[in-house]
file entry.txt (compact mmCIF, C-alpha atoms)
# COMPACT_ATOMS: atom_id res chain seq x y z
CA MET A 22 -42.14 82.32 120.11
CA LEU A 23 -41.91 81.60 116.40
CA PHE A 24 -45.61 80.92 116.01
CA ARG A 25 -46.48 84.53 116.88
CA SER A 26 -44.52 85.83 113.89
CA GLN A 27 -46.09 83.07 111.80
CA LEU A 28 -49.55 84.28 112.82
CA VAL A 29 -48.67 87.84 111.81
CA ALA A 30 -47.34 86.61 108.45
CA LEU A 31 -50.41 84.40 107.98
CA ASN A 32 -52.70 87.34 108.66
CA LEU A 33 -50.89 89.50 106.10
CA ARG A 34 -50.61 86.82 103.44
CA THR A 35 -54.20 85.63 103.67
CA GLN A 36 -55.38 89.23 103.39
CA GLU A 37 -53.12 89.72 100.38
CA ALA A 38 -54.39 86.52 98.75
CA LEU A 39 -58.04 87.41 99.33
CA THR A 40 -57.55 90.93 97.99
CA LEU A 41 -55.68 89.71 94.90
CA LEU A 42 -58.30 87.11 94.10
CA ARG A 43 -61.13 89.57 94.69
CA ASP A 44 -59.45 92.13 92.42
CA GLN A 45 -59.08 89.49 89.72
CA GLY A 46 -62.76 88.59 89.99
CA LEU A 47 -61.95 85.14 91.37
CA GLU A 48 -64.07 85.18 94.52
CA GLY A 49 -65.86 81.95 93.63
CA THR A 50 -62.67 79.94 93.11
CA GLU A 51 -61.19 77.20 95.24
CA GLY A 52 -58.19 79.42 95.98
CA PHE A 53 -60.42 82.12 97.45
CA PHE A 54 -62.33 79.56 99.50
CA VAL A 55 -59.11 77.99 100.83
CA ALA A 56 -57.51 81.36 101.66
CA ARG A 57 -60.62 82.40 103.58
CA ALA A 58 -60.78 79.02 105.35
CA ILE A 59 -57.13 79.30 106.36
CA ARG A 60 -57.77 82.77 107.77
CA GLU A 61 -61.12 82.12 109.45
CA GLU A 62 -61.05 78.42 110.35
CA TYR A 63 -57.81 76.47 110.02
CA ALA A 64 -55.41 78.88 111.75
CA PRO A 65 -57.82 79.78 114.58
CA GLU A 66 -58.57 76.08 115.19
CA ALA A 67 -54.87 75.27 115.42
CA VAL A 68 -54.31 78.12 117.89
CA GLN A 69 -57.36 77.12 119.96
CA ALA A 70 -56.10 73.53 120.18
CA TYR A 71 -52.73 74.82 121.38
CA LEU A 72 -54.33 77.14 123.93
CA LYS A 73 -56.26 74.20 125.42
CA LEU A 74 -52.99 72.58 126.46
CA PRO A 75 -51.83 73.04 130.06
CA ARG A 76 -49.83 76.31 130.07
CA SER A 77 -47.06 74.81 132.16
CA LEU A 78 -46.45 72.02 129.61
CA ALA A 79 -47.56 73.47 126.27
CA ASP A 80 -44.03 74.45 125.26
CA THR A 81 -42.06 71.73 127.01
CA GLY A 82 -44.20 68.58 127.30
CA VAL A 83 -43.77 66.11 124.46
CA ILE A 84 -47.07 65.21 122.82
CA GLU A 85 -46.03 62.97 119.94
CA GLY A 86 -42.92 62.18 117.95
CA GLY A 87 -40.72 64.23 120.28
CA LYS A 88 -42.72 67.38 119.51
CA THR A 89 -44.17 69.83 121.99
CA GLY A 90 -47.43 71.69 121.56
CA ALA A 91 -45.50 74.77 120.42
CA ALA A 92 -43.59 72.70 117.86
CA LEU A 93 -46.78 71.13 116.53
CA LEU A 94 -48.47 74.53 116.26
CA THR A 95 -45.43 75.97 114.48
CA GLU A 96 -45.45 73.05 112.04
CA GLN A 97 -49.18 73.46 111.31
CA LEU A 98 -48.88 77.21 110.80
CA GLU A 99 -45.98 76.64 108.40
CA LEU A 100 -48.19 74.31 106.36
CA LEU A 101 -50.88 77.00 106.23
CA LEU A 102 -48.33 79.64 105.22
CA ASP A 103 -47.12 77.40 102.40
CA GLY A 104 -50.71 76.93 101.26
CA VAL A 105 -51.37 80.67 101.16
CA GLN A 106 -48.10 81.27 99.34
CA ASP A 107 -49.19 78.76 96.69
CA ILE A 108 -52.46 80.67 96.28
CA ILE A 109 -50.57 83.96 95.88
CA ALA A 110 -48.22 82.36 93.35
CA GLY A 111 -51.24 81.11 91.39
CA SER A 112 -52.65 84.63 91.45
CA LEU A 113 -49.36 85.94 90.05
CA LYS A 114 -49.55 83.45 87.19
CA SER A 115 -53.16 84.37 86.50
CA GLY A 116 -52.48 88.10 86.62
CA GLY A 117 -49.25 87.65 84.69
CA GLN A 118 -51.11 85.79 81.95
CA ALA A 119 -53.52 88.70 81.59
CA LEU A 120 -50.58 91.13 81.41
CA LEU A 121 -48.86 89.03 78.74
CA THR A 122 -52.05 88.81 76.70
CA HIS A 123 -52.52 92.56 76.91
CA GLY A 124 -48.89 93.13 75.87
CA ARG A 125 -49.37 90.93 72.79
CA PHE A 126 -52.49 92.88 71.90
CA LEU A 127 -50.65 96.19 72.22
CA ARG A 128 -47.72 94.99 70.08
CA GLU A 129 -50.10 93.77 67.37
CA ARG A 130 -52.13 96.96 67.53
CA PHE A 131 -49.35 99.53 67.68
CA ALA A 132 -46.14 97.95 66.36
CA LYS A 133 -47.19 98.55 62.73
CA ALA A 134 -48.70 101.92 63.55
CA GLU A 135 -45.33 103.13 64.83
CA GLN A 136 -43.88 102.99 61.31
CA ASP A 137 -47.01 104.52 59.81
CA LEU A 138 -46.86 107.47 62.22
CA ARG A 139 -43.36 108.58 61.27
CA VAL A 140 -43.22 112.02 59.69
CA PRO A 141 -40.93 112.27 56.66
CA VAL A 142 -37.99 114.55 57.29
CA MET A 143 -37.52 117.28 54.70
CA VAL A 144 -34.04 118.65 54.45
CA PRO A 145 -33.76 122.18 52.99
CA VAL A 146 -31.24 122.51 50.17
CA GLY A 147 -30.48 126.10 49.43
CA ASP A 148 -33.81 127.91 49.26
CA LYS A 149 -35.78 124.82 48.26
CA VAL A 150 -37.11 121.96 50.33
CA LYS A 151 -36.60 118.49 48.93
call {"tool": "encode", "arguments": {"input": "entry.txt", "output": "C-alpha cells"}}
result
Amino acid sequence: MLFRSQLVALNLRTQEALTLLRDQGLEGTEGFFVARAIREEYAPEAVQAYLKLPRSLADTGVIEGGKTGAALLTEQLELLLDGVQDIIAGSLKSGGQALLTHGRFLRERFAKAEQDLRVPVMVPVGDKVK
C-alpha cells in the first residue's frame, strides 16, 4: 500500500524538519509547531480514522467522491508531506540566507587582505638581488 511508504517518508521528513529548525534556533516558530503537529497529531489522527474503518471495506468501499478509505488516507498523507516539504524548503532559505551573509562578510574581510598579503618576488640578477 502506498500510504505505508508515505508514513515512512513522513516520519523521516518531519524528523529532518524538526532537527533543522532546532539547529537553526527556530524552535518557537510556526514551522516547528506545524512540523511537530504533523508528526504527533495530524498523521496519527488520519491513520487512526482509517483504522476505524471496517477492514473488509477500508480499501475497496467507496466513502465519498469515488474514493476509498485507502485513497482518502493517501491523499491526506500527501498533503502532510507537502506541508513538511514546504517547512524544509523554508529552512533551506533561512539557512542559505545565513550562509550568503557569512560569505559577504568573508569577502569584505579578506578580499582586500589577499592583495596585502602577497610577498614581493625578488629576482636575483647576477650576484645581486633586485
call {"tool": "closest_residue", "arguments": {"input": "entry.txt", "among": "A:Met143, A:Ala38, A:Leu94, A:Ala67", "to": "A:Ala79", "atoms": "all atoms listed in the file"}}
result
A:Leu94
call {"tool": "residues_around", "arguments": {"input": "entry.txt", "residues": "A:Asp44", "least_positions_apart": "5", "cutoff": "12 Å", "atoms": "all atoms listed in the file", "output": "PDB file with C-alpha atoms, in the frame of the given file"}}
result
ATOM      1  CA  GLU A  37     -53.120  89.720 100.380  1.00  0.00           C
ATOM      2  CA  ALA A  38     -54.390  86.520  98.750  1.00  0.00           C
ATOM      3  CA  LEU A  39     -58.040  87.410  99.330  1.00  0.00           C
ATOM      4  CA  PHE A  53     -60.420  82.120  97.450  1.00  0.00           C
ATOM      5  CA  SER A 112     -52.650  84.630  91.450  1.00  0.00           C
ATOM      6  CA  SER A 115     -53.160  84.370  86.500  1.00  0.00           C
ATOM      7  CA  GLY A 116     -52.480  88.100  86.620  1.00  0.00           C
TER       8      GLY A 116
END
call {"tool": "atom_distance", "arguments": {"input": "entry.txt", "atom1": "atom CA of A:Gly111", "atom2": "atom CA of A:Gly52"}}
result
8.5 Å
call {"tool": "closest_residue", "arguments": {"input": "entry.txt", "among": "A:Ile84, A:Gln45, A:Val29, A:Ile108", "to": "A:Leu120", "atoms": "all atoms listed in the file"}}
result
A:Gln45
call {"tool": "atom_distance", "arguments": {"input": "entry.txt", "atom1": "atom CA of A:Ile109", "atom2": "atom CA of A:Leu42"}}
result
8.5 Å
call {"tool": "atom_distance", "arguments": {"input": "entry.txt", "atom1": "atom CA of A:Asn32", "atom2": "atom CA of A:Arg57"}}
result
10.6 Å
call {"tool": "decode", "arguments": {"input": "entry.txt", "residues": "stretch 78-120 of chain A", "atoms": "C-alpha atoms", "output": "PDB file, in the first residue's frame"}}
result
ATOM      1  CA  LEU A  78     -14.118  -2.452   3.089  1.00  0.00           C
ATOM      2  CA  ALA A  79     -11.381   0.033   4.005  1.00  0.00           C
ATOM      3  CA  ASP A  80      -9.559  -0.406   0.700  1.00  0.00           C
ATOM      4  CA  THR A  81     -12.485  -1.163  -1.577  1.00  0.00           C
ATOM      5  CA  GLY A  82     -15.630   0.529  -0.234  1.00  0.00           C
ATOM      6  CA  VAL A  83     -16.306   3.977  -1.653  1.00  0.00           C
ATOM      7  CA  ILE A  84     -16.726   6.601   1.063  1.00  0.00           C
ATOM      8  CA  GLU A  85     -17.097   9.831  -0.897  1.00  0.00           C
ATOM      9  CA  GLY A  86     -16.370  11.138  -4.360  1.00  0.00           C
ATOM     10  CA  GLY A  87     -15.445   7.671  -5.639  1.00  0.00           C
ATOM     11  CA  LYS A  88     -12.634   7.404  -3.089  1.00  0.00           C
ATOM     12  CA  THR A  89     -11.948   4.524  -0.748  1.00  0.00           C
ATOM     13  CA  GLY A  90     -10.583   4.844   2.768  1.00  0.00           C
ATOM     14  CA  ALA A  91      -7.110   3.969   1.476  1.00  0.00           C
ATOM     15  CA  ALA A  92      -7.371   6.626  -1.232  1.00  0.00           C
ATOM     16  CA  LEU A  93      -8.506   9.256   1.266  1.00  0.00           C
ATOM     17  CA  LEU A  94      -5.685   8.368   3.660  1.00  0.00           C
ATOM     18  CA  THR A  95      -3.146   8.501   0.818  1.00  0.00           C
ATOM     19  CA  GLU A  96      -4.468  11.927  -0.213  1.00  0.00           C
ATOM     20  CA  GLN A  97      -4.267  13.271   3.354  1.00  0.00           C
ATOM     21  CA  LEU A  98      -0.750  11.940   3.885  1.00  0.00           C
ATOM     22  CA  GLU A  99       0.333  13.558   0.612  1.00  0.00           C
ATOM     23  CA  LEU A 100      -0.972  16.898   1.882  1.00  0.00           C
ATOM     24  CA  LEU A 101       1.042  16.445   5.078  1.00  0.00           C
ATOM     25  CA  LEU A 102       4.160  15.505   3.113  1.00  0.00           C
ATOM     26  CA  ASP A 103       3.784  18.645   1.006  1.00  0.00           C
ATOM     27  CA  GLY A 104       3.444  20.712   4.173  1.00  0.00           C
ATOM     28  CA  VAL A 105       6.618  19.266   5.683  1.00  0.00           C
ATOM     29  CA  GLN A 106       8.481  19.763   2.415  1.00  0.00           C
ATOM     30  CA  ASP A 107       7.469  23.435   2.472  1.00  0.00           C
ATOM     31  CA  ILE A 108       8.867  23.722   6.006  1.00  0.00           C
ATOM     32  CA  ILE A 109      12.149  22.122   4.912  1.00  0.00           C
ATOM     33  CA  ALA A 110      12.338  24.447   1.903  1.00  0.00           C
ATOM     34  CA  GLY A 111      11.815  27.421   4.217  1.00  0.00           C
ATOM     35  CA  SER A 112      14.617  26.130   6.422  1.00  0.00           C
ATOM     36  CA  LEU A 113      16.882  25.937   3.369  1.00  0.00           C
ATOM     37  CA  LYS A 114      16.117  29.564   2.534  1.00  0.00           C
ATOM     38  CA  SER A 115      16.753  30.615   6.119  1.00  0.00           C
ATOM     39  CA  GLY A 116      19.996  28.665   6.370  1.00  0.00           C
ATOM     40  CA  GLY A 117      21.004  29.740   2.882  1.00  0.00           C
ATOM     41  CA  GLN A 118      20.495  33.388   3.815  1.00  0.00           C
ATOM     42  CA  ALA A 119      22.841  32.964   6.772  1.00  0.00           C
ATOM     43  CA  LEU A 120      25.421  31.313   4.502  1.00  0.00           C
TER      44      LEU A 120
END
